[in-house]
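final.csv follows (CSV, C-alpha atoms and all ligand atoms):
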```csv
chain,number,residue,atom,x,y,z
Q,1,MET,CA,-46.8,4.3,162.5
Q,2,ARG,CA,-44.4,5.2,159.7
Q,3,PRO,CA,-41.7,7.6,161.2
Q,4,TRP,CA,-41.3,11.0,159.7
Q,5,PRO,CA,-38.5,10.7,157.2
Q,6,SER,CA,-35.1,12.2,158.1
Q,7,GLN,CA,-34.7,13.7,154.6
Q,8,PHE,CA,-37.6,16.1,155.3
Q,9,PRO,CA,-37.1,19.0,157.7
Q,10,PRO,CA,-38.3,18.0,161.2
Q,11,PHE,CA,-41.1,20.5,160.9
Q,12,LEU,CA,-42.4,22.0,157.6
Q,13,TRP,CA,-42.9,25.7,157.7
Q,14,GLY,CA,-44.9,26.5,154.6
Q,15,ALA,CA,-47.4,28.5,152.8
Q,16,ALA,CA,-50.0,27.2,150.3
Q,17,THR,CA,-51.6,28.2,147.0
Q,18,SER,CA,-53.6,26.5,144.2
Q,19,SER,CA,-53.3,26.8,140.4
Q,20,HIS,CA,-56.7,28.3,139.6
Q,21,GLN,CA,-56.4,30.9,142.4
Q,22,ILE,CA,-53.1,32.4,141.3
Q,23,GLU,CA,-51.9,31.2,137.9
Q,24,GLY,CA,-54.3,33.0,135.6
Q,25,HIS,CA,-55.1,32.3,131.9
Q,26,LEU,CA,-57.0,29.1,132.4
Q,27,THR,CA,-60.0,27.4,130.7
Q,28,ASN,CA,-61.7,24.9,133.0
Q,29,ASP,CA,-65.1,24.3,134.7
Q,30,TRP,CA,-64.5,27.2,137.0
Q,31,THR,CA,-63.8,29.7,134.3
Q,32,GLU,CA,-67.1,28.7,132.7
Q,33,TRP,CA,-68.9,29.1,136.0
Q,34,GLU,CA,-67.4,32.5,136.4
Q,35,ARG,CA,-68.3,33.6,132.8
Q,36,ALA,CA,-71.9,32.5,133.6
Q,37,GLY,CA,-71.9,35.1,136.4
Q,38,HIS,CA,-71.8,32.8,139.4
Q,39,SER,CA,-68.7,34.4,141.0
Q,40,ALA,CA,-68.1,37.9,142.2
Q,41,ASP,CA,-65.3,38.2,139.6
Q,42,GLN,CA,-63.7,36.3,136.8
Q,43,SER,CA,-60.4,34.8,137.6
Q,44,GLY,CA,-58.8,36.1,134.3
Q,45,ARG,CA,-55.1,36.6,134.8
Q,46,ALA,CA,-55.5,36.2,138.6
Q,47,THR,CA,-52.1,37.1,140.1
Q,48,ASP,CA,-50.4,36.2,136.8
Q,49,HIS,CA,-48.3,33.7,138.6
Q,50,TRP,CA,-48.0,31.6,135.5
Q,51,ARG,CA,-45.8,34.4,134.2
Q,52,LEU,CA,-44.4,35.7,137.4
Q,53,TRP,CA,-43.6,32.4,139.2
Q,54,ALA,CA,-39.9,32.9,139.4
Q,55,GLU,CA,-40.3,36.3,141.3
Q,56,ASP,CA,-43.0,34.8,143.5
Q,57,LEU,CA,-40.8,31.8,144.5
Q,58,ALA,CA,-38.0,34.1,145.4
Q,59,LEU,CA,-40.4,36.1,147.6
Q,60,PHE,CA,-41.6,32.9,149.3
Q,61,GLN,CA,-38.0,32.1,150.1
Q,62,ARG,CA,-37.6,35.6,151.6
Q,63,LEU,CA,-40.4,34.6,154.1
Q,64,GLY,CA,-38.1,32.0,155.5
Q,65,LEU,CA,-40.3,29.0,154.4
Q,66,ASN,CA,-38.8,25.6,154.1
Q,67,SER,CA,-41.7,24.2,152.1
Q,68,TYR,CA,-44.3,25.3,149.6
Q,69,ARG,CA,-47.7,23.7,148.8
Q,70,PHE,CA,-49.0,24.3,145.3
Q,71,SER,CA,-51.2,22.5,142.9
Q,72,LEU,CA,-51.0,21.4,139.3
Q,73,GLU,CA,-53.7,22.3,136.9
Q,74,TRP,CA,-55.1,19.3,135.1
Q,75,SER,CA,-56.9,21.5,132.5
Q,76,ARG,CA,-53.5,23.0,131.5
Q,77,ILE,CA,-51.7,19.6,131.4
Q,78,GLU,CA,-54.4,17.7,129.5
Q,79,PRO,CA,-56.6,20.3,127.8
Q,80,GLU,CA,-58.2,17.7,125.6
Q,81,PRO,CA,-58.5,13.9,126.3
Q,82,GLY,CA,-55.1,12.4,125.7
Q,83,ARG,CA,-53.5,15.6,124.4
Q,84,ILE,CA,-50.7,16.5,126.8
Q,85,ASP,CA,-49.3,20.0,126.8
Q,86,GLU,CA,-45.5,19.3,127.1
Q,87,GLY,CA,-44.8,23.0,127.4
Q,88,ALA,CA,-47.0,23.2,130.6
Q,89,LEU,CA,-45.2,20.2,132.1
Q,90,ARG,CA,-41.8,21.7,131.3
Q,91,GLN,CA,-42.8,24.9,133.1
Q,92,TYR,CA,-44.1,22.9,136.2
Q,93,ARG,CA,-40.8,21.1,136.2
Q,94,ALA,CA,-38.8,24.3,136.1
Q,95,MET,CA,-40.9,25.6,138.9
Q,96,ILE,CA,-40.3,22.6,141.1
Q,97,GLU,CA,-36.5,22.6,140.3
Q,98,ARG,CA,-36.4,26.2,141.4
Q,99,MET,CA,-38.2,25.3,144.7
Q,100,HIS,CA,-35.5,22.9,145.5
Q,101,GLN,CA,-32.8,25.4,144.7
Q,102,LEU,CA,-34.5,27.9,147.1
Q,103,GLY,CA,-34.8,25.3,149.9
Q,104,LEU,CA,-38.5,24.9,149.5
Q,105,LEU,CA,-39.7,21.3,149.8
Q,106,PRO,CA,-42.5,20.9,147.3
Q,107,LEU,CA,-45.8,19.6,148.6
Q,108,MET,CA,-47.7,19.0,145.3
Q,109,THR,CA,-51.5,18.8,145.1
Q,110,LEU,CA,-53.0,17.0,142.1
Q,111,HIS,CA,-56.5,18.2,142.3
Q,112,HIS,CA,-57.6,21.5,143.9
Q,113,PHE,CA,-61.3,22.0,142.9
Q,114,THR,CA,-61.0,22.5,139.1
Q,115,LEU,CA,-61.6,20.1,136.2
Q,116,PRO,CA,-60.8,20.3,132.5
Q,117,LEU,CA,-63.8,21.1,130.5
Q,118,TRP,CA,-63.8,17.7,128.7
Q,119,VAL,CA,-64.1,16.1,132.1
Q,120,SER,CA,-66.8,18.4,133.5
Q,121,LYS,CA,-68.8,18.1,130.3
Q,122,GLN,CA,-68.9,14.4,130.7
Q,123,GLY,CA,-70.3,14.5,134.3
Q,124,GLY,CA,-67.0,15.3,136.1
Q,125,PHE,CA,-66.2,12.8,138.9
Q,126,LEU,CA,-69.7,11.4,138.8
Q,127,ASN,CA,-68.7,9.7,135.5
Q,128,PRO,CA,-67.2,6.3,136.5
Q,129,LYS,CA,-64.6,6.8,133.7
Q,130,ALA,CA,-63.2,9.7,135.7
Q,131,VAL,CA,-61.3,7.2,137.9
Q,132,GLU,CA,-59.3,6.0,134.8
Q,133,TRP,CA,-58.9,9.6,133.6
Q,134,PHE,CA,-57.4,10.6,136.9
Q,135,ARG,CA,-55.2,7.6,137.0
Q,136,HIS,CA,-53.8,8.5,133.6
Q,137,TYR,CA,-53.3,12.1,134.6
Q,138,THR,CA,-51.5,11.0,137.7
Q,139,GLU,CA,-49.2,8.8,135.7
Q,140,ILE,CA,-48.4,11.6,133.3
Q,141,VAL,CA,-47.5,13.9,136.2
Q,142,MET,CA,-45.4,11.2,137.8
Q,143,ASP,CA,-43.5,10.6,134.5
Q,144,ALA,CA,-42.9,14.4,134.1
Q,145,VAL,CA,-42.0,15.5,137.7
Q,146,GLY,CA,-42.4,12.5,140.0
Q,147,ASP,CA,-38.6,12.3,140.4
Q,148,LEU,CA,-38.6,15.8,141.9
Q,149,VAL,CA,-41.5,15.4,144.4
Q,150,ASP,CA,-41.6,13.3,147.6
Q,151,LEU,CA,-44.8,14.8,149.2
Q,152,TYR,CA,-48.2,14.7,147.6
Q,153,VAL,CA,-51.9,15.7,148.3
Q,154,THR,CA,-54.1,13.8,145.8
Q,155,ILE,CA,-57.3,15.8,146.4
Q,156,ASN,CA,-57.9,19.0,148.2
Q,157,GLU,CA,-60.9,19.1,150.5
Q,158,PRO,CA,-63.1,16.4,148.9
Q,159,LEU,CA,-66.0,17.2,151.2
Q,160,VAL,CA,-66.0,20.9,150.4
Q,161,LEU,CA,-66.1,20.0,146.7
Q,162,VAL,CA,-69.2,17.8,147.3
Q,163,VAL,CA,-71.0,20.3,149.6
Q,164,MET,CA,-70.4,23.4,147.6
Q,165,GLY,CA,-70.9,21.9,144.1
Q,166,TYR,CA,-73.6,19.3,144.8
Q,167,LEU,CA,-75.5,20.3,147.9
Q,168,ILE,CA,-75.4,24.1,148.5
Q,169,ALA,CA,-74.8,24.4,144.7
Q,170,ILE,CA,-72.9,27.7,144.6
Q,171,TRP,CA,-69.9,26.1,142.9
Q,172,PRO,CA,-69.8,24.1,139.7
Q,173,PRO,CA,-71.7,22.1,138.6
Q,174,GLY,CA,-74.3,23.7,140.8
Q,175,GLY,CA,-76.4,20.6,141.7
Q,176,HIS,CA,-78.6,19.6,144.6
Q,177,GLY,CA,-79.2,16.1,145.9
Q,178,PHE,CA,-78.0,13.8,148.6
Q,179,ARG,CA,-77.9,10.6,146.5
Q,180,ARG,CA,-75.5,12.2,144.0
Q,181,ALA,CA,-73.5,13.8,146.8
Q,182,PHE,CA,-73.0,10.4,148.5
Q,183,ARG,CA,-72.1,8.8,145.1
Q,184,LEU,CA,-69.5,11.5,144.5
Q,185,ILE,CA,-68.0,11.0,148.0
Q,186,ARG,CA,-67.5,7.3,147.2
Q,187,ARG,CA,-66.1,8.1,143.8
Q,188,LEU,CA,-63.6,10.6,145.2
Q,189,ALA,CA,-62.3,8.0,147.6
Q,190,GLU,CA,-61.8,5.7,144.6
Q,191,VAL,CA,-60.1,8.5,142.7
Q,192,HIS,CA,-57.8,9.1,145.6
Q,193,ASN,CA,-57.0,5.4,145.9
Q,194,VAL,CA,-55.9,5.0,142.2
Q,195,ALA,CA,-53.9,8.2,142.4
Q,196,TYR,CA,-52.2,6.9,145.6
Q,197,ASP,CA,-51.3,3.6,144.0
Q,198,ALA,CA,-50.1,5.3,140.8
Q,199,ILE,CA,-47.8,7.5,142.8
Q,200,LYS,CA,-46.5,4.6,144.9
Q,201,ARG,CA,-45.8,2.5,141.8
Q,202,LYS,CA,-43.5,5.1,140.5
Q,203,LYS,CA,-42.1,6.2,143.9
Q,204,PRO,CA,-42.7,3.7,146.7
Q,205,ASP,CA,-41.1,6.1,149.3
Q,206,ALA,CA,-43.3,9.1,148.4
Q,207,TRP,CA,-45.6,10.5,151.2
Q,208,VAL,CA,-49.1,10.7,150.0
Q,209,GLY,CA,-52.3,12.0,151.6
Q,210,LEU,CA,-55.2,14.3,151.2
Q,211,ALA,CA,-56.0,17.8,152.5
Q,212,HIS,CA,-59.2,17.4,154.6
Q,213,HIS,CA,-61.2,20.4,155.5
Q,214,LEU,CA,-62.0,20.0,159.1
Q,215,ILE,CA,-64.4,22.2,161.0
Q,216,ALA,CA,-64.4,22.5,164.8
Q,217,PHE,CA,-68.1,21.5,165.3
Q,218,GLU,CA,-69.6,22.3,168.7
Q,219,PRO,CA,-73.2,22.0,169.9
Q,220,TRP,CA,-75.2,25.3,169.8
Q,221,THR,CA,-76.8,24.6,173.2
Q,222,ARG,CA,-76.4,21.9,175.9
Q,223,SER,CA,-79.5,20.1,174.6
Q,224,PRO,CA,-78.6,16.4,173.8
Q,225,LEU,CA,-80.4,16.9,170.4
Q,226,ASP,CA,-77.9,19.6,169.4
Q,227,GLY,CA,-75.2,17.3,170.7
Q,228,LEU,CA,-76.4,14.6,168.4
Q,229,MET,CA,-76.6,16.9,165.4
Q,230,THR,CA,-73.0,18.0,166.2
Q,231,GLU,CA,-71.9,14.3,166.3
Q,232,ALA,CA,-73.5,13.7,162.9
Q,233,GLN,CA,-71.7,16.7,161.4
Q,234,ARG,CA,-68.4,15.7,162.8
Q,235,TYR,CA,-68.8,12.2,161.4
Q,236,LEU,CA,-70.1,13.2,158.0
Q,237,MET,CA,-67.8,16.2,157.3
Q,238,ASN,CA,-64.7,15.5,159.3
Q,239,ASN,CA,-64.1,11.8,159.9
Q,240,ARG,CA,-66.0,9.6,157.4
Q,241,PHE,CA,-63.8,10.3,154.4
Q,242,ILE,CA,-60.6,9.9,156.4
Q,243,LYS,CA,-61.9,6.5,157.6
Q,244,MET,CA,-63.1,5.5,154.1
Q,245,VAL,CA,-59.6,6.1,152.7
Q,246,GLY,CA,-58.0,4.3,155.7
Q,247,GLU,CA,-54.5,3.0,155.1
Q,248,ARG,CA,-53.9,4.8,151.9
Q,249,GLN,CA,-52.8,8.0,153.7
Q,250,ASP,CA,-49.2,8.4,154.9
Q,251,PHE,CA,-50.1,11.5,156.7
Q,252,ILE,CA,-53.3,13.3,157.7
Q,253,GLY,CA,-53.6,16.7,156.0
Q,254,ILE,CA,-55.8,19.2,157.9
Q,255,ASN,CA,-57.1,22.4,156.5
Q,256,TYR,CA,-58.5,24.3,159.4
Q,257,TYR,CA,-60.3,27.7,159.4
Q,258,THR,CA,-63.2,27.9,161.8
Q,259,ARG,CA,-65.8,26.7,164.3
Q,260,GLN,CA,-69.4,26.0,163.5
Q,261,TYR,CA,-72.3,24.8,165.6
Q,262,GLY,CA,-74.7,21.9,165.4
Q,263,ARG,CA,-78.3,22.8,166.1
Q,264,LEU,CA,-81.2,20.5,165.7
Q,265,ALA,CA,-83.4,23.3,164.3
Q,266,GLY,CA,-80.9,23.8,161.4
Q,267,GLY,CA,-80.8,20.1,160.4
Q,268,LEU,CA,-77.5,19.1,158.9
Q,269,HIS,CA,-76.8,22.8,158.1
Q,270,PRO,CA,-74.5,24.1,160.8
Q,271,VAL,CA,-74.8,27.6,162.4
Q,272,GLN,CA,-71.8,29.7,161.2
Q,273,SER,CA,-71.0,31.7,164.3
Q,274,ARG,CA,-72.2,33.0,167.6
Q,275,PRO,CA,-73.0,36.7,168.0
Q,276,GLY,CA,-70.1,38.5,169.7
Q,277,THR,CA,-67.3,36.1,168.5
Q,278,PRO,CA,-64.4,37.5,166.5
Q,279,LEU,CA,-64.9,37.1,162.8
Q,280,THR,CA,-62.8,37.2,159.6
Q,281,ASP,CA,-63.8,39.3,156.6
Q,282,LEU,CA,-65.7,36.3,155.3
Q,283,GLY,CA,-67.7,36.1,158.6
Q,284,TRP,CA,-65.8,33.0,159.8
Q,285,GLU,CA,-65.3,32.6,163.6
Q,286,ILE,CA,-61.6,32.9,164.7
Q,287,TYR,CA,-61.1,30.0,167.0
Q,288,PRO,CA,-57.6,28.7,167.5
Q,289,GLU,CA,-58.7,26.2,170.3
Q,290,GLY,CA,-60.6,24.4,167.6
Q,291,LEU,CA,-57.4,23.5,165.8
Q,292,LEU,CA,-56.0,22.0,169.1
Q,293,ASN,CA,-59.2,20.0,169.5
Q,294,LEU,CA,-59.1,18.7,165.9
Q,295,LEU,CA,-55.4,17.8,166.2
Q,296,ARG,CA,-56.3,15.8,169.3
Q,297,GLU,CA,-59.1,14.0,167.4
Q,298,ALA,CA,-56.8,13.3,164.4
Q,299,GLY,CA,-54.2,11.8,166.8
Q,300,GLN,CA,-56.5,8.7,166.8
Q,301,TYR,CA,-55.3,7.9,163.2
Q,302,ARG,CA,-51.8,7.3,164.4
Q,303,ARG,CA,-50.1,9.1,161.5
Q,304,PRO,CA,-48.0,12.2,161.2
Q,305,ILE,CA,-50.2,15.3,160.7
Q,306,LEU,CA,-49.7,18.2,158.4
Q,307,ILE,CA,-51.7,21.4,158.8
Q,308,THR,CA,-52.0,21.7,155.0
Q,309,GLU,CA,-53.9,25.0,155.3
Q,310,ASN,CA,-54.8,27.6,158.0
Q,311,GLY,CA,-55.3,31.2,157.3
Q,312,ILE,CA,-57.5,34.3,157.4
Q,313,ALA,CA,-59.2,36.7,155.0
Q,314,THR,CA,-58.7,40.1,156.6
Q,315,SER,CA,-58.0,43.7,155.7
Q,316,ASP,CA,-56.4,44.2,159.1
Q,317,ASP,CA,-52.9,42.6,158.9
Q,318,ALA,CA,-52.3,42.9,162.7
Q,319,VAL,CA,-55.2,40.5,163.1
Q,320,ARG,CA,-53.5,38.1,160.6
Q,321,SER,CA,-50.3,38.3,162.7
Q,322,ALA,CA,-52.2,37.3,165.9
Q,323,TYR,CA,-54.1,34.6,164.0
Q,324,ILE,CA,-50.9,33.0,162.9
Q,325,GLN,CA,-49.3,33.0,166.3
Q,326,GLU,CA,-52.3,31.7,168.0
Q,327,HIS,CA,-52.8,28.8,165.6
Q,328,VAL,CA,-49.2,27.8,165.5
Q,329,ARG,CA,-49.3,27.9,169.3
Q,330,ALA,CA,-52.2,25.4,169.1
Q,331,ALA,CA,-50.0,23.2,166.9
Q,332,ALA,CA,-47.2,23.4,169.5
Q,333,ALA,CA,-49.6,22.6,172.3
Q,334,ALA,CA,-50.7,19.5,170.4
Q,335,GLN,CA,-47.0,18.4,170.0
Q,336,ARG,CA,-46.5,18.8,173.8
Q,337,GLU,CA,-49.3,16.3,174.2
Q,338,GLY,CA,-47.5,13.8,172.0
Q,339,ILE,CA,-49.4,14.4,168.8
Q,340,ASP,CA,-47.1,14.1,165.8
Q,341,VAL,CA,-47.7,17.5,164.1
Q,342,ARG,CA,-45.1,17.9,161.3
Q,343,GLY,CA,-46.0,21.0,159.4
Q,344,TYR,CA,-47.9,24.2,159.2
Q,345,PHE,CA,-48.9,25.8,155.8
Q,346,TYR,CA,-50.3,29.3,156.0
Q,347,TRP,CA,-53.1,29.9,153.5
Q,348,SER,CA,-52.1,31.7,151.5
Q,349,ALA,CA,-48.7,32.7,150.3
Q,350,LEU,CA,-50.3,35.3,148.0
Q,351,ASP,CA,-53.6,37.1,147.8
Q,352,ASN,CA,-55.7,35.2,145.3
Q,353,PHE,CA,-59.0,34.4,143.7
Q,354,GLU,CA,-61.3,33.1,146.4
Q,355,TRP,CA,-63.7,31.2,144.3
Q,356,ALA,CA,-67.3,32.5,144.4
Q,357,GLU,CA,-66.1,35.4,146.5
Q,358,GLY,CA,-63.7,36.6,143.8
Q,359,PHE,CA,-60.7,38.8,144.6
Q,360,ARG,CA,-62.1,40.8,147.6
Q,361,PRO,CA,-60.9,38.5,150.5
Q,362,ARG,CA,-57.3,39.0,151.3
Q,363,PHE,CA,-55.6,35.9,152.6
Q,364,GLY,CA,-52.1,36.6,151.5
Q,365,LEU,CA,-48.8,37.0,153.5
Q,366,ILE,CA,-48.0,38.8,150.3
Q,367,GLY,CA,-50.5,41.4,149.1
Q,368,VAL,CA,-51.3,41.7,145.3
Q,369,ASN,CA,-52.3,44.9,143.6
Q,370,TYR,CA,-54.5,43.4,140.9
Q,371,ASP,CA,-54.2,46.5,138.6
Q,372,THR,CA,-50.4,46.6,138.5
Q,373,LEU,CA,-49.7,43.0,139.7
Q,374,GLU,CA,-47.3,44.5,142.2
Q,375,ARG,CA,-46.5,42.3,145.2
Q,376,THR,CA,-46.0,43.7,148.8
Q,377,ILE,CA,-44.8,41.6,151.7
Q,378,ARG,CA,-47.2,42.3,154.6
Q,379,PRO,CA,-46.0,42.8,158.2
Q,380,SER,CA,-47.7,39.5,159.2
Q,381,ALA,CA,-45.3,37.7,156.9
Q,382,ASP,CA,-42.5,39.2,159.0
Q,383,THR,CA,-44.2,37.8,162.1
Q,384,TYR,CA,-44.3,34.4,160.5
Q,385,ARG,CA,-40.7,34.8,159.3
Q,386,ARG,CA,-39.5,35.5,162.9
Q,387,LEU,CA,-41.5,32.6,164.2
Q,388,ILE,CA,-39.8,30.3,161.7
Q,389,ALA,CA,-36.4,31.7,162.4
Q,390,GLN,CA,-36.8,31.1,166.2
Q,391,ASN,CA,-37.7,27.5,165.5
Q,392,ARG,CA,-35.1,26.8,162.8
Q,393,GLY,CA,-34.3,23.0,162.8
Q,394,GLN,CA,-36.3,22.5,166.0
Q,395,PHE,CA,-38.8,19.9,166.8
Q,396,PRO,CA,-41.1,20.2,168.8
Q,397,ILE,CA,-41.7,23.9,167.9
Q,398,SER,CA,-42.5,26.7,170.4
Q,399,VAL,CA,-44.2,30.1,170.2
Q,400,PRO,CA,-42.9,32.8,172.5
Q,401,SER,CA,-45.7,34.2,174.7
Q,402,ALA,CA,-45.0,37.9,174.2
Q,403,TRP,CA,-44.0,39.5,170.9
S,1,LIG,O1,-59.2,29.4,149.2
S,1,LIG,C1,-59.6,28.2,149.8
S,1,LIG,C2,-58.8,27.1,149.3
S,1,LIG,O2,-58.9,26.9,147.9
S,1,LIG,C3,-59.2,25.8,149.9
S,1,LIG,N1,-59.3,25.9,151.4
S,1,LIG,C4,-59.9,27.1,151.9
S,1,LIG,C5,-59.4,28.3,151.3
S,1,LIG,C6,-60.0,29.6,151.9
S,1,LIG,O3,-61.4,29.5,151.7
```
Could you write out this file's structure as structure tokens?
Amino acid sequence: MRPWPSQFPPFLWGAATSSHQIEGHLTNDWTEWERAGHSADQSGRATDHWRLWAEDLALFQRLGLNSYRFSLEWSRIEPEPGRIDEGALRQYRAMIERMHQLGLLPLMTLHHFTLPLWVSKQGGFLNPKAVEWFRHYTEIVMDAVGDLVDLYVTINEPLVLVVMGYLIAIWPPGGHGFRRAFRLIRRLAEVHNVAYDAIKRKKPDAWVGLAHHLIAFEPWTRSPLDGLMTEAQRYLMNNRFIKMVGERQDFIGINYYTRQYGRLAGGLHPVQSRPGTPLTDLGWEIYPEGLLNLLREAGQYRRPILITENGIATSDDAVRSAYIQEHVRAAAAAQREGIDVRGYFYWSALDNFEWAEGFRPRFGLIGVNYDTLERTIRPSADTYRRLIAQNRGQFPISVPSAW
């Protein structure tokens, strides 16, 4: 196993965002989808982070973070095939330089759900040429900012992209069909591989992985058939893609939110939650033990693990504080068992545009008033800040039992 590099903090205390969800002023496959009425809101100026980024980064530093996960917007960088927007690249460079000045180690995602229109209109990642397009985009990014970034996620949640866009069909392109979905999964693995290689060619010491969305699947009943369904879900949704990509991951990135249940009667479609369990504003079960179980499972890959996302949509900020403590406690418990967990990124640094759900769900450590764009640091951010302060420079981490 490659040891965690000494130039990184021993544990990354971060928060995460993505371009489409905060930057605003975009034209891509999602803005088209929104205009066609498939989302609760249109992303529009979102949090206007593209204009307010310097203030936002300063706020992130005030939270005590030592790392920040963000994504680049391909549609901004290459709005038409081969036409590169140098101004956009300059701004991303300025943003990353500022992160360094503020002590925030950049964790940069290349693809977080959105595509330039010229890509989506030619079939998106289903078009075999997309592999070359993405390689080219990665090379442009590496030339522009690669010298400033040591830590990369190539693709965010490949399986979520497939399920939401090609099976459940509530995200673009809104298709149904298993054959296409499986073709897309294979294509996304190829896309990751070429991006991985392009990054390593430019920067052999870079750390490159993916952010996998993992669900804590458990059987609905003790029936062996529900057990079998659960195993199938674990394999297809959680483990298959990690295994397909294999060696080309320097770390395992885990986005963890909730538990779901395998039930024969539901086929491959899992049951969302059990009656009586605590839920987020999006109806997702709050289940910190699920994170510990998944970290144990991910230990089998013998690589450092980053929790690249974990967070809650809630209008009750006290619930957010408890959520953070309990999930970080699960990470600490995994470390005590010898699992090499190296970072925790709360989703999200800021309230943001939650895809088909629009602006209603509030995930942020920092609240955003969408009328005035005013930012407010929530008390849960203070909980997180104190947790970070108590662990400054420490590995393994610990979470006090009473706060
Ligand atoms: O907002 C999303 C993010 O884009 C990807 N992971 C899950 C988050 C919450 O749904």
Do you have the CA of Asn238 in chain Q-CA of Ala216 in chain Q distance handy?
->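 That distance, rounded to one decimal, is 8.9 Å.
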Which residues are near Leu115 in chain Q? Cut-off 7 Å, all atoms listed in the file, ignore same chain within fewer than 5 positions. Put them as a compact mmCIF listing (two decimals) with C-alpha atoms, keeping the file's coordinate frame.
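That gives us part-v2.txt:
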```txt
# COMPACT_ATOMS: atom_id res chain seq x y z
CA ASN Q 28 -61.70 24.90 133.00
CA ASP Q 29 -65.10 24.30 134.70
CA TRP Q 74 -55.10 19.30 135.10
CA SER Q 75 -56.90 21.50 132.50
CA SER Q 120 -66.80 18.40 133.50
```
Determine the nearest neighbour of Ile312 in chain Q from the options Q:Gln260, Q:Ser273, Q:Ser380, Q:Asn193, counting only C-alpha atoms.
-> Q:Ser380
Name all residues at most 7 Å from Thr376 in chain Q (count only C-alpha atoms; drop same-chain ones fewer than 2 positions away) and give them as a PyMOL selection string.
-> chain Q and resi 366-368+374+378
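Among the candidates Q:Asp150, Q:Pro219, Q:Ile324, Q:Gly209, the residue lying nearest to Pro5 in chain Q is Q:Asp150 (atoms considered: only C-alpha atoms).
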Return as number ranges by chain every polymer residue, whether protein, DNA or RNA, with at least one atom no more than 10 Å from an atom of ligand LIG 1 (chain S); count all atoms listed in the file.
-> Q: 16-21, 112-113, 156-157, 160-161, 211-213, 254-257, 282, 284, 308-313, 347-348, 351-357, 361-363
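Of the listed residues (Q:Leu72, Q:Met229, Q:Ile22, Q:Val194), Q:Met229 comes nearest to Arg263 in chain Q; the distances count all atoms listed in the file.
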With N, CA, C and O atoms retained, output range 173-183 of chain Q as a PDB file, in the first residue's frame.
```pdb
ATOM      1  N   PRO Q 173     -29.564  12.304 -19.257  1.00  0.00           N
ATOM      2  CA  PRO Q 173     -30.447  12.642 -20.371  1.00  0.00           C
ATOM      3  C   PRO Q 173     -31.866  12.094 -20.227  1.00  0.00           C
ATOM      4  O   PRO Q 173     -32.682  12.232 -21.128  1.00  0.00           O
ATOM      5  N   GLY Q 174     -32.173  11.438 -19.065  1.00  0.00           N
ATOM      6  CA  GLY Q 174     -33.540  10.972 -18.829  1.00  0.00           C
ATOM      7  C   GLY Q 174     -33.879   9.715 -19.602  1.00  0.00           C
ATOM      8  O   GLY Q 174     -34.962   9.608 -20.171  1.00  0.00           O
ATOM      9  N   GLY Q 175     -32.969   8.749 -19.597  1.00  0.00           N
ATOM     10  CA  GLY Q 175     -33.215   7.517 -20.368  1.00  0.00           C
ATOM     11  C   GLY Q 175     -33.479   6.329 -19.462  1.00  0.00           C
ATOM     12  O   GLY Q 175     -33.248   6.375 -18.257  1.00  0.00           O
ATOM     13  N   HIS Q 176     -34.021   5.279 -20.061  1.00  0.00           N
ATOM     14  CA  HIS Q 176     -34.250   4.022 -19.342  1.00  0.00           C
ATOM     15  C   HIS Q 176     -33.526   2.921 -20.095  1.00  0.00           C
ATOM     16  O   HIS Q 176     -33.435   2.970 -21.296  1.00  0.00           O
ATOM     17  N   GLY Q 177     -33.059   1.936 -19.389  1.00  0.00           N
ATOM     18  CA  GLY Q 177     -32.530   0.778 -20.115  1.00  0.00           C
ATOM     19  C   GLY Q 177     -31.239   0.248 -19.541  1.00  0.00           C
ATOM     20  O   GLY Q 177     -30.254   0.974 -19.434  1.00  0.00           O
ATOM     21  N   PHE Q 178     -31.291  -1.056 -19.189  1.00  0.00           N
ATOM     22  CA  PHE Q 178     -30.147  -1.691 -18.547  1.00  0.00           C
ATOM     23  C   PHE Q 178     -28.924  -1.794 -19.455  1.00  0.00           C
ATOM     24  O   PHE Q 178     -27.806  -1.614 -19.032  1.00  0.00           O
ATOM     25  N   ARG Q 179     -29.196  -2.113 -20.748  1.00  0.00           N
ATOM     26  CA  ARG Q 179     -28.036  -2.324 -21.640  1.00  0.00           C
ATOM     27  C   ARG Q 179     -27.203  -1.060 -21.741  1.00  0.00           C
ATOM     28  O   ARG Q 179     -25.984  -1.080 -21.634  1.00  0.00           O
ATOM     29  N   ARG Q 180     -27.920   0.065 -21.957  1.00  0.00           N
ATOM     30  CA  ARG Q 180     -27.186   1.335 -22.067  1.00  0.00           C
ATOM     31  C   ARG Q 180     -26.498   1.671 -20.751  1.00  0.00           C
ATOM     32  O   ARG Q 180     -25.386   2.181 -20.708  1.00  0.00           O
ATOM     33  N   ALA Q 181     -27.190   1.371 -19.650  1.00  0.00           N
ATOM     34  CA  ALA Q 181     -26.609   1.684 -18.341  1.00  0.00           C
ATOM     35  C   ALA Q 181     -25.301   0.913 -18.158  1.00  0.00           C
ATOM     36  O   ALA Q 181     -24.291   1.479 -17.733  1.00  0.00           O
ATOM     37  N   PHE Q 182     -25.294  -0.364 -18.502  1.00  0.00           N
ATOM     38  CA  PHE Q 182     -24.068  -1.154 -18.332  1.00  0.00           C
ATOM     39  C   PHE Q 182     -22.968  -0.689 -19.285  1.00  0.00           C
ATOM     40  O   PHE Q 182     -21.793  -0.677 -18.938  1.00  0.00           O
ATOM     41  N   ARG Q 183     -23.398  -0.271 -20.505  1.00  0.00           N
ATOM     42  CA  ARG Q 183     -22.401   0.258 -21.451  1.00  0.00           C
ATOM     43  C   ARG Q 183     -21.763   1.520 -20.862  1.00  0.00           C
ATOM     44  O   ARG Q 183     -20.564   1.734 -20.921  1.00  0.00           O
TER      45      ARG Q 183
END
```
